[in-house]
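Dropping protein_7.pdb in here (PDB, C-alpha atoms and all ligand atoms):
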ATOM      1  CA  MET J  17      71.474 -80.310 -82.745
ATOM      2  CA  GLN J  18      68.401 -81.757 -84.379
ATOM      3  CA  ILE J  19      66.178 -79.615 -86.587
ATOM      4  CA  PHE J  20      62.402 -79.829 -86.630
ATOM      5  CA  ILE J  21      60.191 -77.917 -89.039
ATOM      6  CA  ASP J  22      57.588 -75.697 -87.360
ATOM      7  CA  THR J  23      54.598 -75.816 -89.704
ATOM      8  CA  ALA J  24      51.331 -77.562 -90.558
ATOM      9  CA  ASN J  25      51.862 -76.934 -94.278
ATOM     10  CA  LEU J  26      52.245 -80.311 -95.975
ATOM     11  CA  ASP J  27      54.111 -78.933 -98.987
ATOM     12  CA  GLU J  28      56.658 -77.261 -96.699
ATOM     13  CA  ILE J  29      57.128 -80.470 -94.697
ATOM     14  CA  LYS J  30      57.605 -82.567 -97.852
ATOM     15  CA  ALA J  31      60.037 -80.050 -99.388
ATOM     16  CA  ALA J  32      62.124 -79.740 -96.217
ATOM     17  CA  MET J  33      62.170 -83.526 -95.660
ATOM     18  CA  ALA J  34      63.616 -83.907 -99.157
ATOM     19  CA  TRP J  35      66.616 -81.743 -98.120
ATOM     20  CA  GLY J  36      67.633 -84.505 -95.693
ATOM     21  CA  VAL J  37      68.047 -82.223 -92.667
ATOM     22  CA  ILE J  38      64.712 -82.505 -90.828
ATOM     23  CA  ASP J  39      64.353 -84.662 -87.708
ATOM     24  CA  GLY J  40      60.754 -83.879 -86.745
ATOM     25  CA  VAL J  41      57.734 -81.585 -87.071
ATOM     26  CA  THR J  42      55.952 -79.300 -84.604
ATOM     27  CA  THR J  43      52.444 -77.952 -85.055
ATOM     28  CA  ASN J  44      50.189 -75.822 -82.886
ATOM     29  CA  PRO J  45      46.570 -74.646 -83.258
ATOM     30  CA  SER J  46      47.698 -71.328 -84.803
ATOM     31  CA  LEU J  47      49.812 -73.089 -87.446
ATOM     32  CA  ILE J  48      46.880 -75.411 -88.231
ATOM     33  CA  LYS J  49      44.548 -72.385 -88.502
ATOM     34  CA  ARG J  50      46.975 -70.720 -90.929
ATOM     35  CA  GLU J  51      47.096 -73.862 -93.075
ATOM     36  CA  VAL J  52      43.306 -74.344 -93.042
ATOM     37  CA  GLU J  53      42.823 -70.709 -94.079
ATOM     38  CA  ARG J  54      45.433 -71.085 -96.834
ATOM     39  CA  LEU J  55      43.720 -74.198 -98.203
ATOM     40  CA  LYS J  56      40.278 -72.554 -98.075
ATOM     41  CA  ALA J  57      41.597 -69.421 -99.812
ATOM     42  CA  ALA J  58      42.978 -71.675-102.552
ATOM     43  CA  GLY J  59      39.514 -73.217-102.939
ATOM     44  CA  GLN J  60      40.623 -76.595-101.577
ATOM     45  CA  ALA J  61      38.473 -78.763 -99.317
ATOM     46  CA  VAL J  62      39.822 -79.235 -95.793
ATOM     47  CA  ASP J  63      40.094 -82.835 -94.601
ATOM     48  CA  MET J  64      41.643 -82.368 -91.143
ATOM     49  CA  ASP J  65      41.895 -86.069 -90.362
ATOM     50  CA  GLY J  66      43.550 -86.784 -93.711
ATOM     51  CA  HIS J  67      45.821 -83.765 -93.312
ATOM     52  CA  VAL J  68      47.114 -84.913 -89.914
ATOM     53  CA  ARG J  69      47.720 -88.417 -91.268
ATOM     54  CA  ALA J  70      49.558 -86.967 -94.280
ATOM     55  CA  ILE J  71      51.815 -84.889 -92.006
ATOM     56  CA  LEU J  72      52.668 -87.979 -89.950
ATOM     57  CA  ARG J  73      53.486 -89.948 -93.107
ATOM     58  CA  ALA J  74      55.519 -87.104 -94.626
ATOM     59  CA  ALA J  75      57.586 -86.828 -91.425
ATOM     60  CA  GLY J  76      58.309 -90.564 -91.373
ATOM     61  CA  ALA J  77      58.492 -93.123 -88.589
ATOM     62  CA  GLU J  78      61.798 -91.888 -87.158
ATOM     63  CA  ASN J  79      60.728 -88.262 -86.828
ATOM     64  CA  PRO J  80      58.414 -87.087 -84.018
ATOM     65  CA  VAL J  81      55.420 -84.895 -84.850
ATOM     66  CA  SER J  82      53.963 -82.705 -82.084
ATOM     67  CA  LEU J  83      50.170 -82.321 -82.027
ATOM     68  CA  GLU J  84      48.772 -79.876 -79.469
ATOM     69  CA  VAL J  85      45.726 -80.154 -77.211
ATOM     70  CA  THR J  86      43.238 -77.289 -76.873
ATOM     71  CA  ALA J  87      41.599 -78.063 -73.498
ATOM     72  CA  THR J  88      42.827 -76.057 -70.515
ATOM     73  CA  ASP J  89      42.127 -78.345 -67.556
ATOM     74  CA  ALA J  90      44.294 -81.341 -66.702
ATOM     75  CA  ALA J  91      41.603 -83.964 -67.306
ATOM     76  CA  GLY J  92      40.586 -82.416 -70.638
ATOM     77  CA  MET J  93      44.179 -82.103 -71.851
ATOM     78  CA  ALA J  94      44.979 -85.682 -70.844
ATOM     79  CA  GLN J  95      41.792 -86.900 -72.551
ATOM     80  CA  GLN J  96      42.559 -85.026 -75.793
ATOM     81  CA  GLY J  97      46.202 -86.134 -75.669
ATOM     82  CA  LYS J  98      45.188 -89.793 -75.279
ATOM     83  CA  LEU J  99      42.629 -89.451 -78.073
ATOM     84  CA  LEU J 100      45.184 -87.897 -80.456
ATOM     85  CA  PHE J 101      47.757 -90.544 -79.579
ATOM     86  CA  GLN J 102      45.355 -93.487 -79.890
ATOM     87  CA  LYS J 103      43.913 -92.210 -83.149
ATOM     88  CA  TYR J 104      47.119 -91.191 -84.907
ATOM     89  CA  ASN J 105      50.144 -92.928 -83.418
ATOM     90  CA  GLY J 106      49.244 -96.054 -85.352
ATOM     91  CA  VAL J 107      49.905 -94.209 -88.636
ATOM     92  CA  MET J 108      53.701 -93.978 -88.239
ATOM     93  CA  GLY J 109      54.391 -94.356 -84.494
ATOM     94  CA  ASN J 110      55.714 -90.779 -84.291
ATOM     95  CA  VAL J 111      53.071 -88.795 -82.354
ATOM     96  CA  VAL J 112      54.105 -86.530 -79.480
ATOM     97  CA  ILE J 113      51.465 -84.610 -77.512
ATOM     98  CA  LYS J 114      52.004 -80.912 -76.909
ATOM     99  CA  ILE J 115      50.801 -79.606 -73.542
ATOM    100  CA  PRO J 116      51.073 -75.967 -72.336
ATOM    101  CA  VAL J 117      53.163 -75.791 -69.157
ATOM    102  CA  ASN J 118      50.444 -73.754 -67.461
ATOM    103  CA  THR J 119      46.967 -72.906 -68.693
ATOM    104  CA  TYR J 120      46.289 -70.393 -65.932
ATOM    105  CA  MET J 121      43.296 -72.496 -64.874
ATOM    106  CA  GLY J 122      42.521 -74.158 -61.550
ATOM    107  CA  ASN J 123      45.469 -73.901 -59.171
ATOM    108  CA  GLY J 124      47.983 -73.294 -61.972
ATOM    109  CA  PHE J 125      49.238 -76.877 -62.203
ATOM    110  CA  GLU J 126      46.847 -78.247 -64.810
ATOM    111  CA  GLY J 127      49.641 -78.489 -67.398
ATOM    112  CA  LEU J 128      51.946 -80.418 -65.083
ATOM    113  CA  LYS J 129      49.140 -82.820 -64.070
ATOM    114  CA  ALA J 130      48.309 -83.490 -67.727
ATOM    115  CA  ILE J 131      52.003 -84.102 -68.510
ATOM    116  CA  LYS J 132      52.228 -86.605 -65.667
ATOM    117  CA  ALA J 133      49.020 -88.387 -66.730
ATOM    118  CA  LEU J 134      50.279 -88.763 -70.318
ATOM    119  CA  GLU J 135      53.787 -89.803 -69.388
ATOM    120  CA  ASP J 136      52.282 -92.378 -66.958
ATOM    121  CA  ALA J 137      50.391 -93.715 -69.985
ATOM    122  CA  GLU J 138      53.742 -93.824 -71.876
ATOM    123  CA  ILE J 139      52.658 -91.062 -74.234
ATOM    124  CA  PRO J 140      55.547 -88.689 -74.985
ATOM    125  CA  VAL J 141      54.903 -85.025 -74.187
ATOM    126  CA  ASN J 142      56.334 -81.825 -75.626
ATOM    127  CA  CYS J 143      55.718 -79.166 -72.972
ATOM    128  CA  THR J 144      55.036 -75.899 -74.763
ATOM    129  CA  LEU J 145      54.823 -72.176 -73.915
ATOM    130  CA  VAL J 146      57.887 -72.337 -71.645
ATOM    131  CA  PHE J 147      59.190 -68.864 -70.742
ATOM    132  CA  THR J 148      61.352 -69.486 -67.661
ATOM    133  CA  PRO J 149      63.985 -72.050 -66.646
ATOM    134  CA  GLU J 150      61.869 -72.887 -63.600
ATOM    135  CA  GLN J 151      58.883 -73.783 -65.798
ATOM    136  CA  ALA J 152      61.203 -76.008 -67.846
ATOM    137  CA  LEU J 153      62.507 -77.719 -64.700
ATOM    138  CA  LEU J 154      59.011 -78.419 -63.365
ATOM    139  CA  ALA J 155      57.808 -79.704 -66.745
ATOM    140  CA  ALA J 156      60.806 -82.033 -66.958
ATOM    141  CA  LYS J 157      60.190 -83.265 -63.412
ATOM    142  CA  ALA J 158      56.529 -83.951 -64.303
ATOM    143  CA  GLY J 159      57.881 -86.220 -67.048
ATOM    144  CA  ALA J 160      57.959 -84.153 -70.253
ATOM    145  CA  THR J 161      60.135 -85.781 -72.916
ATOM    146  CA  TYR J 162      60.613 -82.344 -74.542
ATOM    147  CA  VAL J 163      60.390 -78.786 -73.228
ATOM    148  CA  SER J 164      59.852 -75.913 -75.668
ATOM    149  CA  PRO J 165      61.186 -72.492 -74.632
ATOM    150  CA  PHE J 166      59.770 -69.803 -76.953
ATOM    151  CA  ALA J 167      62.887 -67.812 -77.794
ATOM    152  CA  GLY J 168      61.304 -65.368 -80.255
ATOM    153  CA  ARG J 169      58.353 -64.583 -78.039
ATOM    154  CA  VAL J 170      60.685 -63.790 -75.111
ATOM    155  CA  ASP J 171      62.371 -61.198 -77.335
ATOM    156  CA  ASP J 172      58.925 -59.911 -78.383
ATOM    157  CA  HIS J 173      57.919 -59.635 -74.712
ATOM    158  CA  ILE J 174      61.059 -57.755 -73.660
ATOM    159  CA  ARG J 175      60.686 -55.307 -76.563
ATOM    160  CA  SER J 176      56.936 -54.859 -76.058
ATOM    161  CA  GLN J 177      57.314 -54.195 -72.328
ATOM    162  CA  ALA J 178      59.846 -51.485 -73.169
ATOM    163  CA  GLY J 179      57.694 -49.995 -75.939
ATOM    164  CA  ILE J 180      60.209 -50.864 -78.668
ATOM    165  CA  ALA J 181      58.712 -51.295 -82.146
ATOM    166  CA  PHE J 182      59.827 -54.391 -84.080
ATOM    167  CA  GLU J 183      59.008 -56.697 -86.993
ATOM    168  CA  LYS J 184      58.567 -60.421 -86.355
ATOM    169  CA  GLY J 185      61.826 -61.432 -88.078
ATOM    170  CA  ASP J 186      64.005 -58.739 -86.465
ATOM    171  CA  TYR J 187      67.214 -59.870 -84.814
ATOM    172  CA  PHE J 188      67.419 -59.456 -81.023
ATOM    173  CA  PRO J 189      70.874 -59.468 -79.408
ATOM    174  CA  VAL J 190      71.720 -62.560 -77.329
ATOM    175  CA  GLU J 191      73.340 -60.415 -74.642
ATOM    176  CA  GLY J 192      70.194 -58.288 -74.327
ATOM    177  CA  TRP J 193      69.035 -54.816 -75.291
ATOM    178  CA  ALA J 194      70.713 -51.794 -73.733
ATOM    179  CA  ALA J 195      68.153 -49.212 -72.629
ATOM    180  CA  GLU J 196      68.454 -45.887 -70.862
ATOM    181  CA  ASP J 197      67.812 -46.212 -67.128
ATOM    182  CA  GLU J 198      66.251 -43.646 -64.769
ATOM    183  CA  GLU J 199      69.617 -41.952 -64.089
ATOM    184  CA  GLY J 200      70.394 -41.582 -67.805
ATOM    185  CA  GLY J 201      72.831 -44.508 -67.768
ATOM    186  CA  GLU J 202      72.508 -47.790 -69.654
ATOM    187  CA  ASP J 203      70.752 -50.851 -68.367
ATOM    188  CA  THR J 204      69.954 -54.188 -70.032
ATOM    189  CA  LEU J 205      66.259 -54.927 -70.448
ATOM    190  CA  ASP J 206      65.221 -58.260 -68.989
ATOM    191  CA  ASP J 207      62.323 -60.500 -68.028
ATOM    192  CA  GLU J 208      63.063 -61.656 -64.472
ATOM    193  CA  GLY J 209      66.768 -61.941 -65.255
ATOM    194  CA  ILE J 210      66.332 -63.402 -68.755
ATOM    195  CA  VAL J 211      67.823 -60.919 -71.240
ATOM    196  CA  SER J 212      66.874 -62.624 -74.530
ATOM    197  CA  GLY J 213      65.188 -65.710 -75.957
ATOM    198  CA  VAL J 214      68.578 -67.268 -76.610
ATOM    199  CA  ASP J 215      69.540 -66.501 -72.998
ATOM    200  CA  LEU J 216      66.434 -68.422 -71.890
ATOM    201  CA  VAL J 217      67.541 -71.450 -73.921
ATOM    202  CA  ALA J 218      71.112 -71.148 -72.586
ATOM    203  CA  LYS J 219      69.940 -70.992 -68.957
ATOM    204  CA  ILE J 220      67.663 -74.030 -69.375
ATOM    205  CA  ALA J 221      70.547 -75.926 -71.017
ATOM    206  CA  GLU J 222      72.867 -74.976 -68.146
ATOM    207  CA  LEU J 223      70.301 -75.977 -65.525
ATOM    208  CA  PHE J 224      69.543 -79.315 -67.223
ATOM    209  CA  GLU J 225      73.219 -80.128 -67.579
ATOM    210  CA  LYS J 226      74.043 -79.180 -63.984
ATOM    211  CA  HIS J 227      71.258 -81.355 -62.580
ATOM    212  CA  GLU J 228      71.362 -84.109 -65.206
ATOM    213  CA  VAL J 229      67.781 -83.473 -66.338
ATOM    214  CA  ASP J 230      67.236 -85.630 -69.394
ATOM    215  CA  SER J 231      64.312 -83.794 -71.044
ATOM    216  CA  ASN J 232      65.158 -82.521 -74.553
ATOM    217  CA  ILE J 233      65.191 -78.774 -75.138
ATOM    218  CA  ILE J 234      63.344 -77.702 -78.298
ATOM    219  CA  ALA J 235      64.251 -74.064 -78.976
ATOM    220  CA  SER J 236      60.987 -72.739 -80.427
ATOM    221  CA  SER J 237      59.602 -69.533 -81.879
ATOM    222  CA  ILE J 238      62.710 -69.063 -84.031
ATOM    223  CA  ARG J 239      62.469 -65.854 -86.044
ATOM    224  CA  ASN J 240      65.649 -65.579 -88.127
ATOM    225  CA  PRO J 241      68.697 -67.641 -89.213
ATOM    226  CA  ARG J 242      71.057 -65.964 -86.740
ATOM    227  CA  GLN J 243      68.779 -66.932 -83.856
ATOM    228  CA  ALA J 244      68.846 -70.546 -85.111
ATOM    229  CA  ARG J 245      72.655 -70.439 -84.952
ATOM    230  CA  GLU J 246      72.591 -68.900 -81.489
ATOM    231  CA  VAL J 247      70.182 -71.414 -79.932
ATOM    232  CA  ALA J 248      72.421 -74.191 -81.303
ATOM    233  CA  LEU J 249      75.438 -72.569 -79.626
ATOM    234  CA  ALA J 250      73.395 -72.054 -76.444
ATOM    235  CA  GLY J 251      72.924 -75.827 -76.096
ATOM    236  CA  ALA J 252      69.458 -76.542 -77.513
ATOM    237  CA  ASP J 253      69.035 -80.248 -78.327
ATOM    238  CA  ILE J 254      66.590 -79.338 -81.092
ATOM    239  CA  ALA J 255      65.431 -76.143 -82.816
ATOM    240  CA  THR J 256      62.022 -76.083 -84.446
ATOM    241  CA  ILE J 257      62.261 -73.690 -87.345
ATOM    242  CA  PRO J 258      59.711 -72.217 -89.794
ATOM    243  CA  PHE J 259      60.203 -73.011 -93.482
ATOM    244  CA  SER J 260      61.111 -69.409 -94.402
ATOM    245  CA  VAL J 261      63.839 -69.283 -91.739
ATOM    246  CA  LEU J 262      65.193 -72.681 -92.849
ATOM    247  CA  LYS J 263      65.509 -71.324 -96.380
ATOM    248  CA  GLY J 264      67.230 -68.198 -95.054
ATOM    249  CA  MET J 265      69.805 -70.360 -93.239
ATOM    250  CA  MET J 266      71.195 -71.452 -96.616
ATOM    251  CA  LEU J 267      71.740 -68.025 -98.134
ATOM    252  CA  HIS J 268      74.859 -65.859 -98.288
ATOM    253  CA  PRO J 269      75.708 -63.342-101.026
ATOM    254  CA  LYS J 270      79.283 -64.644-101.351
ATOM    255  CA  THR J 271      78.011 -68.201-101.902
ATOM    256  CA  LYS J 272      75.787 -66.837-104.683
ATOM    257  CA  GLU J 273      78.625 -64.812-106.145
ATOM    258  CA  GLY J 274      80.948 -67.832-106.002
ATOM    259  CA  VAL J 275      78.496 -70.086-107.816
ATOM    260  CA  GLU J 276      77.985 -67.429-110.491
ATOM    261  CA  LYS J 277      81.762 -67.107-110.996
ATOM    262  CA  PHE J 278      82.393 -70.869-111.088
ATOM    263  CA  THR J 279      79.506 -71.305-113.517
ATOM    264  CA  ALA J 280      80.751 -68.488-115.752
ATOM    265  CA  ASP J 281      84.325 -69.872-115.651
ATOM    266  CA  ALA J 282      83.337 -73.377-116.749
ATOM    267  CA  VAL J 283      85.235 -73.881-120.019
ATOM    268  CA  PRO J 284      83.513 -75.914-122.779
ATOM    269  CA  GLU J 285      86.204 -78.643-122.507
ATOM    270  CA  TYR J 286      85.250 -79.227-118.835
ATOM    271  CA  GLN J 287      81.537 -78.713-119.434
ATOM    272  CA  GLU J 288      81.510 -81.391-122.114
ATOM    273  CA  LEU J 289      82.685 -83.923-119.526
ATOM    274  CA  ILE J 290      79.798 -83.346-117.140
ATOM    275  CA  GLY J 291      76.990 -81.874-119.260
ATOM    276  CA  ARG J 292      75.107 -78.579-119.000
ATOM    277  CA  GLN J 293      72.002 -77.880-116.940
ATOM    278  CA  ALA J 294      68.991 -75.663-117.470
ATOM    279  CA  PRO J 295      69.054 -72.227-115.699
ATOM    280  CA  GLN J 296      67.691 -72.305-112.111
ATOM    281  CA  PRO J 297      65.740 -69.618-110.173
ATOM    282  CA  VAL J 298      68.016 -67.377-108.071
ATOM    283  CA  LEU J 299      67.377 -66.860-104.330
ATOM    284  CA  GLU J 300      68.448 -63.732-102.427
ATOM    285  CA  ARG J 301      69.147 -63.405 -98.715
ATOM    286  CA  ALA J 302      66.962 -60.860 -96.873
ATOM    287  CA  ALA J 303      68.809 -57.772 -95.661
ATOM    288  CA  PRO J 304      70.048 -58.408 -92.085
ATOM    289  CA  GLN J 305      67.897 -56.784 -89.406
ATOM    290  CA  GLN J 306      69.988 -55.133 -86.707
ATOM    291  CA  PRO J 307      68.735 -53.613 -83.469
ATOM    292  CA  SER J 308      69.056 -49.876 -83.047
ATOM    293  CA  PRO J 309      72.467 -48.968 -81.538
ATOM    294  CA  GLN J 310      70.782 -46.171 -79.559
ATOM    295  CA  PRO J 311      69.715 -46.882 -75.969
ATOM    296  CA  GLN J 312      65.936 -46.922 -75.747
ATOM    297  CA  GLN J 313      63.977 -45.116 -73.054
ATOM    298  CA  ARG J 314      62.555 -47.722 -70.695
ATOM    299  CA  PRO J 315      58.887 -46.973 -69.812
ATOM    300  CA  GLN J 316      58.166 -47.075 -66.098
ATOM    301  CA  PRO J 317      55.971 -49.969 -64.882
ATOM    302  CA  THR J 318      52.508 -48.949 -63.727
ATOM    303  CA  ALA J 319      51.028 -50.031 -60.394
ATOM    304  CA  TYR J 320      48.985 -52.561 -62.404
ATOM    305  CA  ASP J 321      52.143 -54.016 -63.989
ATOM    306  CA  LEU J 322      53.786 -54.416 -60.594
ATOM    307  CA  ALA J 323      50.723 -55.952 -58.963
ATOM    308  CA  ASN J 324      50.180 -58.379 -61.832
ATOM    309  CA  LYS J 325      53.761 -59.394 -62.550
ATOM    310  CA  ARG J 326      53.792 -63.064 -63.498
ATOM    311  CA  GLN J 327      50.085 -63.618 -62.844
TER     312      GLN J 327
HETATM  313  C1  LIG H   1      56.528 -74.479 -81.713
HETATM  314  O1  LIG H   1      56.446 -75.503 -81.126
HETATM  315  C2  LIG H   1      55.861 -73.228 -81.336
HETATM  316  O2  LIG H   1      54.487 -73.424 -81.244
HETATM  317  C3  LIG H   1      56.220 -72.159 -82.314
HETATM  318  O3  LIG H   1      57.618 -72.210 -82.536
HETATM  319  C4  LIG H   1      55.769 -70.776 -81.937
HETATM  320  O4  LIG H   1      56.342 -69.833 -82.819
HETATM  321  P1  LIG H   1      55.826 -68.327 -82.932
HETATM  322  O5  LIG H   1      56.160 -67.644 -81.639
HETATM  323  O6  LIG H   1      56.590 -67.737 -84.074
HETATM  324  O7  LIG H   1      54.357 -68.378 -83.169
END
Would you encode the structure as C-alpha cells?
Ligand code: E4P
Amino acid sequence: MQIFIDTANLDEIKAAMAWGVIDGVTTNPSLIKREVERLKAAGQAVDMDGHVRAILRAAGAENPVSLEVTATDAAGMAQQGKLLFQKYNGVMGNVVIKIPVNTYMGNGFEGLKAIKALEDAEIPVNCTLVFTPEQALLAAKAGATYVSPFAGRVDDHIRSQAGIAFEKGDYFPVEGWAAEDEEGGEDTLDDEGIVSGVDLVAKIAELFEKHEVDSNIIASSIRNPRQAREVALAGADIATIPFSVLKGMMLHPKTKEGVEKFTADAVPEYQELIGRQAPQPVLERAAPQQPSPQPQQRPQPTAYDLANKRQ
C-alpha cells in the first residue's frame, strides 16, 4: 500500500518526505484554510501561489499531489481543474485534480461530468467525498484515476446518527458498533449496509477486484494508527494520512522500553567502537481509544430523516 500525507503544511510534507515512506500528498480547501490561518497567526505573509509550488516541489516528480476545485457545477469544476493543471503541472508534473463525486447541484451528476471532462483532457482526477461503493464505481466509470472513500467521516456519521459522543481520533470497530435495538437485543449500526469506514474501503476493494475496475482506492479521513492498519488490510491501494497519525504509527511502549534498555546496556568497550550520541527528545504513544463495550441506545429516525435519506 502506498502512503500519502494529508496536509497543506509544508513543514509536515518536508519532514515526512525525509522519512522515505511518502508516495504523494493530498490537500483540500479545509487543509489549506488551516495552513493559511496557521501562517497568519505566526505573523507570516501568505503567498498561495508560492505555497502550492513549494508543496509540489517538496513532494517530488514521482509523487502525485491532489489539488481540489471549489466550484460546484460541472463546467466550473472542469474549468478550475484545467486552470490548476495548466498553471501548476509544469512545476513537477505531479498534479492531480480533486473533484467531489457529487456536489448536490443540477441533476446530481455534476461531479461525474467534470471527472469525464478532465480525464478526456488527460488530466488525472482524484474523486473525493466518496461514501458508498456505488459512488466509487460510478466515479471510476467516469474515468477517475483515484477514488477517495472517507473512512473516518463514515464512522463519524454512524456515531452521530446514533447520538454517540466521540473525539475525532477515537477508534471505531471495523466490524461495526453494537447498539441496543427496539426489542432490547443487539444490532449493528450501519449506513445503508456499511458498518464502518474500513468496511466501506473493504467493499470498494472487493467490488473493484471482482469487476476489474482499475481506479486506485485512496483510503481517506484516517483518524488513528489502527485505522491506517485496517484500511491496508481491507485492500486500499493508498492511504492518505495526517502527519500526527503518521507519527503515531511509529510508536509502541515496548519499542521505547527496548531502546532504553539497549542504550543503558551499552558497555564502554562497545560504545568506544561506534561513538556516543547526544540525548534525543522522547516521544510517547497516545493512550489507545476504545469504543464503549456497552450497547448504545439507537435513536429512532424522525419522519424528516426517513423522507430525506440520501438526499
Ligand atoms: C483527503 O483527501 C481528505 O480530504 C481528508 O482525508 C479528509 O479528512 P478529514 O475527514 O479528517 O477532514
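The two atoms in question, CA of Pro165 (chain J) and CA of Val146 (chain J), are spaced 4.5 Å apart.
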Given 3 Å of margin on each side, can you work out the centre and size in Å (one decimal) of an axis-aligned box holding every listed atom of region 261-269 of chain J, as JSON?
{"center_x": 69.8, "center_y": -68.0, "center_z": -96.4, "size_x": 17.9, "size_y": 15.3, "size_z": 15.3}
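With all atoms listed in the file as the basis for measurement, J:Ile38 is the residue among J:Gln95, J:Ala90, J:Ala294, J:Ile38 that approaches Ile19 (chain J) most closely.
Distances here use only C-alpha atoms; by that measure, the residue among J:Val68, J:Ile238, J:Ala221, J:Ala155 closest to Ala252 (chain J) is J:Ala221.
What the PyMOL selection byres (((not hetatm)) within 8 of (chain H and resi 1)) matches in the given file is Asp22, Thr42, Thr43, Asn44, Ser46, Leu47, Ser82, Thr144, Leu145, Ser164, Phe166, Ala167, Gly168, Arg169, Lys184, Ile234, Ala235, Ser236, Ser237, Ile238, Arg239, Thr256, Ile257 and Pro258 of chain J.
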List the residues selected by the PyMOL selection byres (((chain J and resi 73-78) around 8) and not hetatm) in the file shown, writing them as an mmCIF file with C-alpha atoms, keeping the file's coordinate frame.
data_model
loop_
_atom_site.group_PDB
_atom_site.id
_atom_site.type_symbol
_atom_site.label_atom_id
_atom_site.label_comp_id
_atom_site.auth_asym_id
_atom_site.auth_seq_id
_atom_site.Cartn_x
_atom_site.Cartn_y
_atom_site.Cartn_z
ATOM 1 C CA LEU J 26 52.245 -80.311 -95.975
ATOM 2 C CA ILE J 29 57.128 -80.470 -94.697
ATOM 3 C CA LYS J 30 57.605 -82.567 -97.852
ATOM 4 C CA MET J 33 62.170 -83.526 -95.660
ATOM 5 C CA ASP J 39 64.353 -84.662 -87.708
ATOM 6 C CA GLY J 40 60.754 -83.879 -86.745
ATOM 7 C CA VAL J 41 57.734 -81.585 -87.071
ATOM 8 C CA ARG J 69 47.720 -88.417 -91.268
ATOM 9 C CA ALA J 70 49.558 -86.967 -94.280
ATOM 10 C CA ILE J 71 51.815 -84.889 -92.006
ATOM 11 C CA LEU J 72 52.668 -87.979 -89.950
ATOM 12 C CA ASN J 79 60.728 -88.262 -86.828
ATOM 13 C CA PRO J 80 58.414 -87.087 -84.018
ATOM 14 C CA VAL J 81 55.420 -84.895 -84.850
ATOM 15 C CA VAL J 107 49.905 -94.209 -88.636
ATOM 16 C CA MET J 108 53.701 -93.978 -88.239
ATOM 17 C CA GLY J 109 54.391 -94.356 -84.494
ATOM 18 C CA ASN J 110 55.714 -90.779 -84.291
#
Original post:
Could you write out as a PyMOL selection string the residues that the PyMOL selection byres (((chain J and resi 113) around 7) and not hetatm) matches in the shown file?
Top reply: chain J and resi 82-84+97+111-112+114-115+140-142
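Closest approach to Val163 (chain J) from the set J:Val229, J:Ile139, J:Ala195, J:Ala181 is made by J:Val229, with distances taken over all atoms listed in the file.
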From the block you just saw, export region 223-233 of chain J: N, CA, C and O atoms, as a CSV table (one decimal), in the first residue's frame.
chain,number,residue,atom,x,y,z
J,223,LEU,N,-15.4,-4.9,-4.7
J,223,LEU,CA,-16.2,-4.6,-5.9
J,223,LEU,C,-15.2,-4.3,-7.1
J,223,LEU,O,-15.4,-4.8,-8.2
J,224,PHE,N,-14.1,-3.5,-6.8
J,224,PHE,CA,-13.2,-3.2,-7.9
J,224,PHE,C,-12.4,-4.5,-8.3
J,224,PHE,O,-12.2,-4.6,-9.5
J,225,GLU,N,-12.1,-5.3,-7.4
J,225,GLU,CA,-11.4,-6.6,-7.8
J,225,GLU,C,-12.3,-7.5,-8.6
J,225,GLU,O,-11.9,-8.0,-9.6
J,226,LYS,N,-13.5,-7.6,-8.1
J,226,LYS,CA,-14.5,-8.5,-8.8
J,226,LYS,C,-14.7,-8.1,-10.2
J,226,LYS,O,-14.9,-8.9,-11.1
J,227,HIS,N,-14.8,-6.8,-10.4
J,227,HIS,CA,-15.1,-6.3,-11.8
J,227,HIS,C,-13.9,-5.7,-12.5
J,227,HIS,O,-14.1,-5.0,-13.5
J,228,GLU,N,-12.8,-5.9,-12.0
J,228,GLU,CA,-11.5,-5.5,-12.6
J,228,GLU,C,-11.6,-4.0,-12.9
J,228,GLU,O,-11.2,-3.5,-14.0
J,229,VAL,N,-12.0,-3.2,-11.9
J,229,VAL,CA,-12.0,-1.7,-12.1
J,229,VAL,C,-10.6,-1.3,-11.7
J,229,VAL,O,-10.1,-1.6,-10.7
J,230,ASP,N,-10.0,-0.5,-12.6
J,230,ASP,CA,-8.6,-0.2,-12.3
J,230,ASP,C,-8.3,1.2,-11.6
J,230,ASP,O,-7.2,1.6,-11.5
J,231,SER,N,-9.4,1.8,-11.1
J,231,SER,CA,-9.1,3.1,-10.4
J,231,SER,C,-8.5,2.7,-9.0
J,231,SER,O,-8.7,1.7,-8.5
J,232,ASN,N,-7.6,3.6,-8.5
J,232,ASN,CA,-6.9,3.4,-7.3
J,232,ASN,C,-7.7,3.9,-6.1
J,232,ASN,O,-8.2,5.0,-6.1
J,233,ILE,N,-7.8,3.1,-5.1
J,233,ILE,CA,-8.5,3.4,-3.9
J,233,ILE,C,-7.6,4.2,-2.9
J,233,ILE,O,-6.6,3.6,-2.4
